[in-house]
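Have a look at protein_1.cif; it's mmCIF, C-alpha atoms:
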```cif
data_upload
#
loop_
_atom_site.label_atom_id
_atom_site.label_comp_id
_atom_site.auth_asym_id
_atom_site.auth_seq_id
_atom_site.Cartn_x
_atom_site.Cartn_y
_atom_site.Cartn_z
CA MET A 1 166.83 112.51 280.84
CA ASN A 2 167.32 108.76 280.59
CA GLU A 3 164.75 106.15 279.65
CA ASP A 4 163.84 105.21 283.21
CA GLN A 5 163.18 108.83 284.14
CA ALA A 6 161.09 109.30 280.99
CA LEU A 7 159.08 106.15 281.70
CA ALA A 8 158.46 107.25 285.30
CA ALA A 9 157.28 110.72 284.18
CA VAL A 10 154.99 109.23 281.54
CA GLU A 11 153.58 106.49 283.77
CA LYS A 12 152.53 109.19 286.22
CA SER A 13 150.82 111.24 283.46
CA LEU A 14 148.95 108.49 281.63
CA LYS A 15 146.13 106.05 282.32
CA LYS A 16 147.25 102.42 282.44
CA ARG A 17 145.82 101.60 279.00
CA ARG A 18 147.58 104.56 277.41
CA PHE A 19 150.84 103.71 279.18
CA GLU A 20 150.67 100.19 277.73
CA HIS A 21 150.08 101.73 274.29
CA THR A 22 153.19 103.86 274.86
CA LEU A 23 155.27 100.78 275.64
CA ARG A 24 154.05 99.09 272.44
CA VAL A 25 154.82 102.21 270.39
CA THR A 26 158.30 102.30 271.91
CA GLU A 27 158.95 98.68 270.96
CA GLU A 28 157.59 99.18 267.45
CA ALA A 29 159.59 102.39 267.02
CA GLU A 30 162.77 100.57 267.99
CA ILE A 31 162.10 97.87 265.37
CA LEU A 32 161.56 100.57 262.71
CA ALA A 33 164.58 102.59 263.85
CA ARG A 34 166.85 99.55 263.53
CA ARG A 35 165.36 98.68 260.16
CA TYR A 36 165.80 102.17 258.72
CA ASN A 37 169.05 103.19 260.45
CA VAL A 38 167.61 105.81 262.76
CA ASP A 39 169.19 106.59 266.17
CA VAL A 40 167.61 103.97 268.47
CA LYS A 41 168.17 105.79 271.74
CA LYS A 42 166.57 109.05 270.56
CA THR A 43 163.76 107.17 268.85
CA ARG A 44 162.91 105.22 272.01
CA LEU A 45 162.95 108.39 274.12
CA ALA A 46 160.66 110.21 271.65
CA ALA A 47 158.31 107.22 271.56
CA ILE A 48 158.17 106.99 275.36
CA LEU A 49 157.32 110.69 275.58
CA HIS A 50 155.04 111.02 272.51
CA ASP A 51 151.76 111.02 274.49
CA TYR A 52 153.07 112.87 277.56
CA ALA A 53 150.30 115.51 277.30
CA LYS A 54 147.49 113.13 276.30
CA TYR A 55 145.46 113.68 279.47
CA ARG A 56 146.03 117.36 280.01
CA PRO A 57 142.74 119.28 279.99
CA VAL A 58 142.00 120.74 276.55
CA ASP A 59 141.46 124.20 278.04
CA GLU A 60 144.87 124.12 279.69
CA MET A 61 146.49 123.11 276.40
CA LYS A 62 144.69 125.88 274.52
CA GLU A 63 145.87 128.38 277.11
CA THR A 64 149.41 127.10 276.64
CA VAL A 65 149.08 127.64 272.88
CA LYS A 66 147.89 131.21 273.40
CA GLN A 67 150.39 132.21 276.03
CA ASN A 68 153.47 130.75 274.39
CA GLY A 69 153.07 131.78 270.79
CA LEU A 70 152.37 128.29 269.43
CA SER A 71 150.56 128.26 266.09
CA ARG A 72 147.07 129.76 266.43
CA SER A 73 145.81 127.23 263.87
CA LEU A 74 145.99 124.65 266.68
CA LEU A 75 142.90 126.33 268.15
CA THR A 76 140.93 126.00 264.92
CA TYR A 77 141.27 122.30 264.15
CA SER A 78 140.44 119.14 266.10
CA ASP A 79 141.42 119.07 269.78
CA GLU A 80 142.96 115.66 269.02
CA ILE A 81 146.12 117.27 267.66
CA LEU A 82 146.78 119.59 270.61
CA HIS A 83 148.48 116.95 272.77
CA ALA A 84 151.23 116.45 270.19
CA PHE A 85 152.21 120.09 269.71
CA VAL A 86 151.68 121.10 273.32
CA GLY A 87 153.24 117.80 274.44
CA ALA A 88 156.53 118.72 272.75
CA PHE A 89 156.35 122.07 274.51
CA TYR A 90 155.74 120.49 277.97
CA VAL A 91 158.43 117.86 277.44
CA GLU A 92 160.92 120.64 276.87
CA LYS A 93 159.70 122.92 279.69
CA GLU A 94 158.87 120.35 282.35
CA LEU A 95 161.19 117.45 281.60
CA HIS A 96 164.02 119.61 280.19
CA VAL A 97 164.48 117.57 277.05
CA THR A 98 166.17 119.86 274.53
CA ASP A 99 167.05 117.53 271.67
CA ARG A 100 165.41 119.00 268.53
CA GLN A 101 164.96 115.60 266.88
CA ILE A 102 163.15 114.13 269.86
CA LEU A 103 160.94 117.20 270.31
CA SER A 104 159.92 117.35 266.65
CA ALA A 105 159.13 113.62 266.62
CA ILE A 106 156.73 114.26 269.51
CA ARG A 107 155.33 117.42 267.88
CA TYR A 108 154.45 115.81 264.54
CA HIS A 109 153.51 112.29 265.67
CA THR A 110 149.78 112.88 265.03
CA THR A 111 149.67 115.25 262.06
CA GLY A 112 152.88 114.60 260.17
CA ARG A 113 154.22 117.50 258.10
CA ALA A 114 156.03 118.12 254.83
CA ASN A 115 159.69 117.05 254.79
CA MET A 116 159.46 114.75 257.80
CA THR A 117 162.76 113.69 259.35
CA PRO A 118 163.53 109.96 259.70
CA ILE A 119 162.81 109.93 263.46
CA GLU A 120 159.52 111.80 262.88
CA LYS A 121 158.48 109.17 260.33
CA VAL A 122 159.39 106.30 262.64
CA VAL A 123 157.49 107.61 265.68
CA PHE A 124 154.48 108.64 263.55
CA LEU A 125 154.33 105.21 261.93
CA ALA A 126 155.00 103.23 265.13
CA ASP A 127 152.08 105.03 266.78
CA TYR A 128 149.90 104.09 263.80
CA ILE A 129 150.77 100.40 263.52
CA GLU A 130 151.65 99.30 267.07
CA PRO A 131 150.20 95.81 267.73
CA GLY A 132 147.21 97.18 269.68
CA ARG A 133 145.80 98.96 266.60
CA THR A 134 142.97 97.08 264.92
CA PHE A 135 141.40 99.41 262.34
CA ASN A 136 140.89 98.48 258.69
CA ALA A 137 143.97 98.44 256.55
CA VAL A 138 146.41 98.43 259.48
CA GLU A 139 147.79 95.08 258.26
CA ILE A 140 148.53 96.59 254.86
CA VAL A 141 150.46 99.46 256.46
CA ARG A 142 152.29 96.99 258.74
CA ASP A 143 153.41 94.98 255.72
CA MET A 144 154.52 98.14 253.93
CA ALA A 145 156.47 99.26 257.00
CA LYS A 146 158.66 96.17 256.54
CA LEU A 147 159.72 97.29 253.07
CA ASP A 148 159.41 101.03 252.62
CA LEU A 149 159.18 103.67 255.35
CA ASP A 150 157.97 106.45 253.02
CA ARG A 151 155.30 104.34 251.35
CA ALA A 152 154.02 103.17 254.74
CA CYS A 153 153.86 106.78 256.02
CA PHE A 154 152.05 107.79 252.84
CA PHE A 155 149.42 105.08 253.27
CA ALA A 156 148.94 105.96 256.92
CA LEU A 157 148.39 109.62 255.95
CA LYS A 158 146.04 108.59 253.14
CA ASN A 159 143.96 106.55 255.60
CA ILE A 160 143.96 109.37 258.15
CA ILE A 161 142.74 111.89 255.55
CA GLN A 162 140.09 109.54 254.20
CA PHE A 163 138.84 108.92 257.74
CA ILE A 164 138.65 112.61 258.68
CA VAL A 165 137.10 113.63 255.34
CA SER A 166 134.52 110.85 255.65
CA LYS A 167 133.39 112.56 258.87
CA ASP A 168 133.17 115.95 257.06
CA GLU A 169 135.79 117.37 259.42
CA ALA A 170 138.60 119.81 258.65
CA VAL A 171 142.06 118.27 258.26
CA TYR A 172 145.06 119.94 259.90
CA PRO A 173 146.92 121.67 257.03
CA GLU A 174 150.25 120.01 257.84
CA THR A 175 148.61 116.60 257.38
CA PHE A 176 147.56 117.60 253.87
CA GLU A 177 151.08 118.91 253.24
CA ALA A 178 152.59 115.65 254.50
CA TYR A 179 150.27 113.64 252.23
CA ASN A 180 151.18 115.70 249.16
CA ASP A 181 154.86 115.61 250.02
CA PHE A 182 154.91 111.79 250.09
CA ALA A 183 152.58 111.53 247.06
CA LEU A 184 154.94 113.65 244.94
CA LEU A 185 158.01 111.86 246.33
CA LEU A 186 156.63 108.42 245.47
CA GLN A 187 155.47 109.65 242.05
CA ARG A 188 159.00 110.88 241.25
CA ARG A 189 160.40 107.49 242.26
CA ILE A 190 158.40 105.51 239.68
CA MET B 1 132.98 140.89 225.01
CA ASN B 2 129.34 139.88 224.74
CA GLU B 3 127.88 136.37 225.03
CA ASP B 4 127.72 135.73 221.29
CA GLN B 5 131.37 136.66 220.86
CA ALA B 6 132.33 134.45 223.81
CA LEU B 7 130.32 131.52 222.44
CA ALA B 8 131.92 131.92 219.02
CA ALA B 9 135.44 131.99 220.52
CA VAL B 10 134.75 128.95 222.64
CA GLU B 11 133.03 126.94 219.90
CA LYS B 12 136.16 127.38 217.79
CA SER B 13 138.42 126.21 220.66
CA LEU B 14 136.49 123.15 221.85
CA LYS B 15 135.44 119.77 220.51
CA LYS B 16 131.71 119.41 219.98
CA ARG B 17 131.17 117.28 223.10
CA ARG B 18 133.03 119.76 225.28
CA PHE B 19 131.14 122.70 223.75
CA GLU B 20 127.86 120.97 224.63
CA HIS B 21 129.15 120.51 228.18
CA THR B 22 129.92 124.24 228.24
CA LEU B 23 126.34 125.08 227.23
CA ARG B 24 124.99 122.85 230.01
CA VAL B 25 127.33 124.43 232.57
CA THR B 26 126.16 127.88 231.44
CA GLU B 27 122.51 126.93 231.90
CA GLU B 28 123.17 125.35 235.29
CA ALA B 29 125.27 128.35 236.37
CA GLU B 30 122.43 130.70 235.47
CA ILE B 31 120.00 128.67 237.59
CA LEU B 32 122.39 128.80 240.54
CA ALA B 33 123.15 132.49 240.03
CA ARG B 34 119.44 133.37 240.13
CA ARG B 35 118.92 131.15 243.16
CA TYR B 36 121.79 132.68 245.14
CA ASN B 37 121.60 136.28 243.91
CA VAL B 38 124.78 136.33 241.87
CA ASP B 39 125.20 138.58 238.79
CA VAL B 40 123.67 136.48 236.00
CA LYS B 41 125.42 138.17 233.09
CA LYS B 42 128.89 137.79 234.58
CA THR B 43 128.15 134.25 235.71
CA ARG B 44 127.01 133.21 232.22
CA LEU B 45 130.10 134.76 230.62
CA ALA B 46 132.42 133.01 233.10
CA ALA B 47 130.63 129.71 232.51
CA ILE B 48 130.84 130.06 228.71
CA LEU B 49 134.56 130.73 228.96
CA HIS B 50 135.47 128.32 231.79
CA ASP B 51 136.99 125.61 229.53
CA TYR B 52 138.44 127.99 226.92
CA ALA B 53 141.93 126.44 227.28
CA LYS B 54 140.79 122.80 227.64
CA TYR B 55 142.41 121.64 224.40
CA ARG B 56 145.59 123.66 224.45
CA PRO B 57 148.64 121.38 224.43
CA VAL B 58 149.94 120.75 227.96
CA ASP B 59 153.47 121.78 226.94
CA GLU B 60 152.19 125.12 225.66
CA MET B 61 150.30 125.72 228.92
CA LYS B 62 153.37 124.85 231.00
CA GLU B 63 155.44 127.25 228.93
CA THR B 64 152.80 129.94 229.55
CA VAL B 65 153.07 129.29 233.31
CA LYS B 66 156.86 129.64 233.20
CA GLN B 67 157.03 132.69 230.98
CA ASN B 68 154.31 134.69 232.72
CA GLY B 69 155.06 134.16 236.37
CA LEU B 70 152.01 132.01 237.14
CA SER B 71 152.38 129.84 240.25
CA ARG B 72 155.16 127.29 239.78
CA SER B 73 153.12 124.79 241.79
CA LEU B 74 150.95 124.40 238.67
CA LEU B 75 153.85 122.44 237.15
CA THR B 76 154.03 120.03 240.10
CA TYR B 77 150.46 118.82 240.33
CA SER B 78 148.08 117.13 237.87
CA ASP B 79 147.99 118.56 234.33
CA GLU B 80 144.19 118.55 234.72
CA ILE B 81 144.28 121.84 236.62
CA LEU B 82 146.41 123.78 234.13
CA HIS B 83 143.53 124.64 231.78
CA ALA B 84 141.72 126.56 234.51
CA PHE B 85 144.61 128.78 235.63
CA VAL B 86 146.09 129.21 232.17
CA GLY B 87 142.58 129.55 230.73
CA ALA B 88 141.93 132.65 232.84
CA PHE B 89 145.24 134.03 231.60
CA TYR B 90 144.38 133.37 227.91
CA VAL B 91 140.85 134.75 228.30
CA GLU B 92 142.35 138.00 229.52
CA LYS B 93 145.18 138.18 226.97
CA GLU B 94 143.43 136.84 223.87
CA LEU B 95 139.79 137.74 224.43
CA HIS B 96 140.49 140.93 226.39
CA VAL B 97 138.13 140.09 229.24
CA THR B 98 139.30 142.15 232.21
CA ASP B 99 136.54 141.62 234.77
CA ARG B 100 138.24 140.23 237.93
CA GLN B 101 135.17 138.27 239.01
CA ILE B 102 134.83 136.50 235.67
CA LEU B 103 138.56 135.73 235.46
CA SER B 104 138.75 134.30 238.98
CA ALA B 105 135.66 132.15 238.39
CA ILE B 106 137.48 130.63 235.40
CA ARG B 107 140.76 130.33 237.33
CA TYR B 108 139.30 128.41 240.29
CA HIS B 109 136.59 126.38 238.56
CA THR B 110 138.54 123.11 238.91
CA THR B 111 140.47 123.47 242.18
CA GLY B 112 138.41 125.86 244.26
CA ARG B 113 140.31 127.89 246.86
CA ALA B 114 139.85 129.29 250.36
CA ASN B 115 137.41 132.21 250.60
CA MET B 116 135.68 131.56 247.28
CA THR B 117 133.57 134.41 245.91
CA PRO B 118 129.89 133.74 245.10
CA ILE B 119 130.53 133.64 241.34
CA GLU B 120 133.48 131.26 241.84
CA LYS B 121 131.25 128.93 243.86
CA VAL B 122 128.48 129.01 241.26
CA VAL B 123 130.73 128.22 238.27
CA PHE B 124 132.67 125.55 240.22
CA LEU B 125 129.44 123.87 241.28
CA ALA B 126 127.68 124.20 237.92
CA ASP B 127 130.64 122.46 236.27
CA TYR B 128 130.37 119.69 238.84
CA ILE B 129 126.62 119.01 238.65
CA GLU B 130 125.61 119.95 235.08
CA PRO B 131 123.07 117.39 233.78
CA GLY B 132 125.69 115.49 231.76
CA ARG B 133 127.58 114.41 234.91
CA THR B 134 126.81 110.84 236.00
CA PHE B 135 129.33 109.92 238.73
CA ASN B 136 128.32 108.56 242.12
CA ALA B 137 126.85 111.03 244.53
CA VAL B 138 126.16 113.69 241.90
CA GLU B 139 122.44 113.48 242.73
CA ILE B 140 123.18 114.23 246.37
CA VAL B 141 125.19 117.31 245.43
CA ARG B 142 122.44 118.39 242.99
CA ASP B 143 119.88 118.18 245.78
CA MET B 144 122.13 120.13 248.13
CA ALA B 145 122.67 122.79 245.46
CA LYS B 146 118.95 123.54 245.67
CA LEU B 147 119.21 124.42 249.36
CA ASP B 148 122.70 125.50 250.33
CA LEU B 149 125.46 126.72 248.01
CA ASP B 150 128.25 126.32 250.59
CA ARG B 151 127.23 122.85 251.65
CA ALA B 152 127.00 121.73 248.02
CA CYS B 153 130.49 123.15 247.28
CA PHE B 154 131.80 121.41 250.39
CA PHE B 155 130.42 118.05 249.30
CA ALA B 156 131.78 118.49 245.78
CA LEU B 157 135.23 119.24 247.24
CA LYS B 158 134.94 116.30 249.61
CA ASN B 159 134.17 113.97 246.69
CA ILE B 160 136.99 115.42 244.60
CA ILE B 161 139.52 114.90 247.41
CA GLN B 162 138.30 111.38 248.13
CA PHE B 163 138.58 110.52 244.43
CA ILE B 164 142.11 111.91 244.03
CA VAL B 165 143.33 110.40 247.32
CA SER B 166 141.86 107.01 246.35
CA LYS B 167 144.19 107.11 243.33
CA ASP B 168 147.19 107.93 245.59
CA GLU B 169 147.66 111.21 243.74
CA ALA B 170 148.69 114.60 245.13
CA VAL B 171 145.87 117.12 245.63
CA TYR B 172 146.36 120.73 244.54
CA PRO B 173 146.91 122.65 247.82
CA GLU B 174 144.16 125.19 247.10
CA THR B 175 141.65 122.32 246.89
CA PHE B 176 142.64 121.21 250.39
CA GLU B 177 142.38 124.84 251.54
CA ALA B 178 138.92 125.15 249.97
CA TYR B 179 137.79 121.94 251.67
CA ASN B 180 139.02 123.09 255.10
CA ASP B 181 137.55 126.54 254.60
CA PHE B 182 134.06 125.15 253.97
CA ALA B 183 134.43 122.47 256.68
CA LEU B 184 135.24 125.11 259.31
CA LEU B 185 132.51 127.43 257.98
CA LEU B 186 129.84 124.73 258.19
CA GLN B 187 131.09 123.66 261.61
CA ARG B 188 130.72 127.22 262.94
CA ARG B 189 127.18 127.35 261.56
CA ILE B 190 125.93 124.37 263.59
#
```
Serialized structure, structure tokens:
Amino acid sequence: MNEDQALAAVEKSLKKRRFEHTLRVTEEAEILARRYNVDVKKTRLAAILHDYAKYRPVDEMKETVKQNGLSRSLLTYSDEILHAFVGAFYVEKELHVTDRQILSAIRYHTTGRANMTPIEKVVFLADYIEPGRTFNAVEIVRDMAKLDLDRACFFALKNIIQFIVSKDEAVYPETFEAYNDFALLLQRRI
Amino acid sequence: MNEDQALAAVEKSLKKRRFEHTLRVTEEAEILARRYNVDVKKTRLAAILHDYAKYRPVDEMKETVKQNGLSRSLLTYSDEILHAFVGAFYVEKELHVTDRQILSAIRYHTTGRANMTPIEKVVFLADYIEPGRTFNAVEIVRDMAKLDLDRACFFALKNIIQFIVSKDEAVYPETFEAYNDFALLLQRRI
């Protein structure tokens, strides 16, 4: 699948506003990929496809989880994370993308996980800091992303956890694992 | 081991200020145990012994972890949690307390864990809200503790996570698991 085919598939699946977000994430991901020596072509393809399942009905995605042996914990936590895990599944099944790096970058773009690969970090972070984002502290993470990919991912995860915990909601376990992984990594670096 | 023997062992092991804290935790734990129908005698004994290892040298506790097959993850996270896990081990080995409920209440009094037992919740919470505690939000948790043991534990865990994350430090995984466990429990209750 080339970029034009991916863009066409995604444009059909997304609302205009979400498609524009996807284009900004793709541009941001390319900047990060060049900065941190990550494969630009794969990164762009993962970024284009990262929200492929964003508008699938939640019930359909839950059914997909159940019928295809995806982690049952996806049914327990916020519906917000389904589109990432199920998205990777649909991108493989429907668009026939088989590259493991691209699929895992899609799968973990919302939650993160422990031991993230470089392309996973880049797509996760690009989604978090693309120019359309306006939440508190995004400027701080943008500045960090210019200097240190791990530190920027860590601060994004920290903000995500603080936000979810402030709402008294459960946090997907892999997000906690990602946070701890970066916290211990950065601690060892000092 | 009766209460007087436990108090004597603990008074010898702790500084005066910490021993006074222990007495306040024991009183608070008894109040909570009566309120939530938990065995008062066991709860008091666990509370008396909860900080038994507080002043053991960190190096000695780490050696104990290594030589006795306690979880290696105890060496990775904050030294603050060692005294709870190693404390339960010392209380069994040195004071010959064998009651599983008492030992696990000591073990998890700092971190919590998923599926906490009633006595674990009571000792964890009593340690958090005893009258000597003065941090922000303690009054809110004290009020909650009068009405709902699970909700009070959840808010204590929430505050603990927010505090640790605000310092950019790693959070012991069982604390995250405890938080999620209560979050999902309270969510199901609504």
So that each row is one residue of chain B with an atom at most 10 Å from chain A, can you give its shortest atom pair and the distance in Å to one decimal, using only C-alpha atoms, rows by chain and rising number, as JSON lines?
```
{"residue": "B:Thr76", "atom": "CA", "partner": "A:Leu184", "partner_atom": "CA", "distance": 8.1}
{"residue": "B:Tyr77", "atom": "CA", "partner": "A:Leu184", "partner_atom": "CA", "distance": 8.2}
{"residue": "B:Phe154", "atom": "CA", "partner": "A:Asp168", "partner_atom": "CA", "distance": 8.7}
{"residue": "B:Phe155", "atom": "CA", "partner": "A:Asp168", "partner_atom": "CA", "distance": 8.5}
{"residue": "B:Lys158", "atom": "CA", "partner": "A:Val165", "partner_atom": "CA", "distance": 6.7}
{"residue": "B:Asn159", "atom": "CA", "partner": "A:Val165", "partner_atom": "CA", "distance": 9.1}
{"residue": "B:Ile161", "atom": "CA", "partner": "A:Val165", "partner_atom": "CA", "distance": 8.4}
{"residue": "B:Gln162", "atom": "CA", "partner": "A:Gln162", "partner_atom": "CA", "distance": 6.6}
{"residue": "B:Phe163", "atom": "CA", "partner": "A:Gln162", "partner_atom": "CA", "distance": 9.9}
{"residue": "B:Val165", "atom": "CA", "partner": "A:Lys158", "partner_atom": "CA", "distance": 6.7}
{"residue": "B:Ser166", "atom": "CA", "partner": "A:Lys158", "partner_atom": "CA", "distance": 8.1}
{"residue": "B:Asp168", "atom": "CA", "partner": "A:Ala183", "partner_atom": "CA", "distance": 6.6}
{"residue": "B:Glu169", "atom": "CA", "partner": "A:Ala183", "partner_atom": "CA", "distance": 5.9}
{"residue": "B:Ala170", "atom": "CA", "partner": "A:Asn180", "partner_atom": "CA", "distance": 4.9}
{"residue": "B:Val171", "atom": "CA", "partner": "A:Asn180", "partner_atom": "CA", "distance": 6.5}
{"residue": "B:Tyr172", "atom": "CA", "partner": "A:Asn180", "partner_atom": "CA", "distance": 8.4}
{"residue": "B:Pro173", "atom": "CA", "partner": "A:Glu177", "partner_atom": "CA", "distance": 7.8}
{"residue": "B:Phe176", "atom": "CA", "partner": "A:Phe176", "partner_atom": "CA", "distance": 7.0}
{"residue": "B:Glu177", "atom": "CA", "partner": "A:Pro173", "partner_atom": "CA", "distance": 7.8}
{"residue": "B:Tyr179", "atom": "CA", "partner": "A:Ala170", "partner_atom": "CA", "distance": 7.3}
{"residue": "B:Asn180", "atom": "CA", "partner": "A:Ala170", "partner_atom": "CA", "distance": 4.9}
{"residue": "B:Asp181", "atom": "CA", "partner": "A:Ala170", "partner_atom": "CA", "distance": 7.9}
{"residue": "B:Phe182", "atom": "CA", "partner": "A:Ala170", "partner_atom": "CA", "distance": 8.4}
{"residue": "B:Ala183", "atom": "CA", "partner": "A:Ala170", "partner_atom": "CA", "distance": 5.3}
{"residue": "B:Leu184", "atom": "CA", "partner": "A:Ala170", "partner_atom": "CA", "distance": 6.3}
{"residue": "B:Leu185", "atom": "CA", "partner": "A:Ala170", "partner_atom": "CA", "distance": 9.8}
{"residue": "B:Leu186", "atom": "CA", "partner": "A:Asp168", "partner_atom": "CA", "distance": 9.5}
{"residue": "B:Gln187", "atom": "CA", "partner": "A:Glu169", "partner_atom": "CA", "distance": 8.2}
```
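Atom pair CA of Thr43 in chain A / CA of Thr175 in chain A has a distance of 21.2 Å (rounded to one decimal).
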- request: Find the residue from A:Glu20, A:Asp143, A:Asp150, A:Glu120 that sits nearest to Asp39 in chain A; use all atoms listed in the file when measuring.
  value: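 Of the candidates, the smallest distance to Asp39 in chain A is held by A:Glu120.
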message: When you look at Phe19 in chain A with a cut-off of 12 Å (counting only C-alpha atoms), what residues show up, excluding the ones that are within fewer than 3 positions of it in the same chain? I need them as a count of residues only.
response: 25
message: Can you spell out as a PyMOL selection string the set of residues that the PyMOL selection byres ((chain B and resi 81) around 10) selects in the structure I just provided?
response: chain B and resi 54+74-75+77-80+82-87+107-111+172
Residue contacts of Asn68 in chain A (12 Å, all atoms listed in the file) excluding same-chain residues fewer than 3 positions away, as JSON, numbers by chain: {"A": [61, 62, 63, 64, 65, 71, 72, 85, 86, 89, 90, 93]}
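Note that the spacing between CA of Ala126 in chain B and CA of Ile102 in chain B amounts to 14.4 Å.
Atom pair CA of Ile160 in chain B / CA of Arg113 in chain B has a distance of 13.1 Å (rounded to one decimal).
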message: Quick check on the file I pasted: which residues fall under the PyMOL selection byres ((chain A and resi 141) around 12)? Write them as a PyMOL selection string.
response: chain A and resi 125-131+133-140+142-160
Could you write out the selected residues, including C-alpha atoms, as a PDB file, keeping the file's coordinate frame?
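File written: result_6.pdb
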```pdb
ATOM      1  CA  LEU A 125     154.330 105.210 261.930  1.00  0.00           C
ATOM      2  CA  ALA A 126     155.000 103.230 265.130  1.00  0.00           C
ATOM      3  CA  ASP A 127     152.080 105.030 266.780  1.00  0.00           C
ATOM      4  CA  TYR A 128     149.900 104.090 263.800  1.00  0.00           C
ATOM      5  CA  ILE A 129     150.770 100.400 263.520  1.00  0.00           C
ATOM      6  CA  GLU A 130     151.650  99.300 267.070  1.00  0.00           C
ATOM      7  CA  PRO A 131     150.200  95.810 267.730  1.00  0.00           C
ATOM      8  CA  ARG A 133     145.800  98.960 266.600  1.00  0.00           C
ATOM      9  CA  THR A 134     142.970  97.080 264.920  1.00  0.00           C
ATOM     10  CA  PHE A 135     141.400  99.410 262.340  1.00  0.00           C
ATOM     11  CA  ASN A 136     140.890  98.480 258.690  1.00  0.00           C
ATOM     12  CA  ALA A 137     143.970  98.440 256.550  1.00  0.00           C
ATOM     13  CA  VAL A 138     146.410  98.430 259.480  1.00  0.00           C
ATOM     14  CA  GLU A 139     147.790  95.080 258.260  1.00  0.00           C
ATOM     15  CA  ILE A 140     148.530  96.590 254.860  1.00  0.00           C
ATOM     16  CA  ARG A 142     152.290  96.990 258.740  1.00  0.00           C
ATOM     17  CA  ASP A 143     153.410  94.980 255.720  1.00  0.00           C
ATOM     18  CA  MET A 144     154.520  98.140 253.930  1.00  0.00           C
ATOM     19  CA  ALA A 145     156.470  99.260 257.000  1.00  0.00           C
ATOM     20  CA  LYS A 146     158.660  96.170 256.540  1.00  0.00           C
ATOM     21  CA  LEU A 147     159.720  97.290 253.070  1.00  0.00           C
ATOM     22  CA  ASP A 148     159.410 101.030 252.620  1.00  0.00           C
ATOM     23  CA  LEU A 149     159.180 103.670 255.350  1.00  0.00           C
ATOM     24  CA  ASP A 150     157.970 106.450 253.020  1.00  0.00           C
ATOM     25  CA  ARG A 151     155.300 104.340 251.350  1.00  0.00           C
ATOM     26  CA  ALA A 152     154.020 103.170 254.740  1.00  0.00           C
ATOM     27  CA  CYS A 153     153.860 106.780 256.020  1.00  0.00           C
ATOM     28  CA  PHE A 154     152.050 107.790 252.840  1.00  0.00           C
ATOM     29  CA  PHE A 155     149.420 105.080 253.270  1.00  0.00           C
ATOM     30  CA  ALA A 156     148.940 105.960 256.920  1.00  0.00           C
ATOM     31  CA  LEU A 157     148.390 109.620 255.950  1.00  0.00           C
ATOM     32  CA  LYS A 158     146.040 108.590 253.140  1.00  0.00           C
ATOM     33  CA  ASN A 159     143.960 106.550 255.600  1.00  0.00           C
ATOM     34  CA  ILE A 160     143.960 109.370 258.150  1.00  0.00           C
TER      35      ILE A 160
END
```
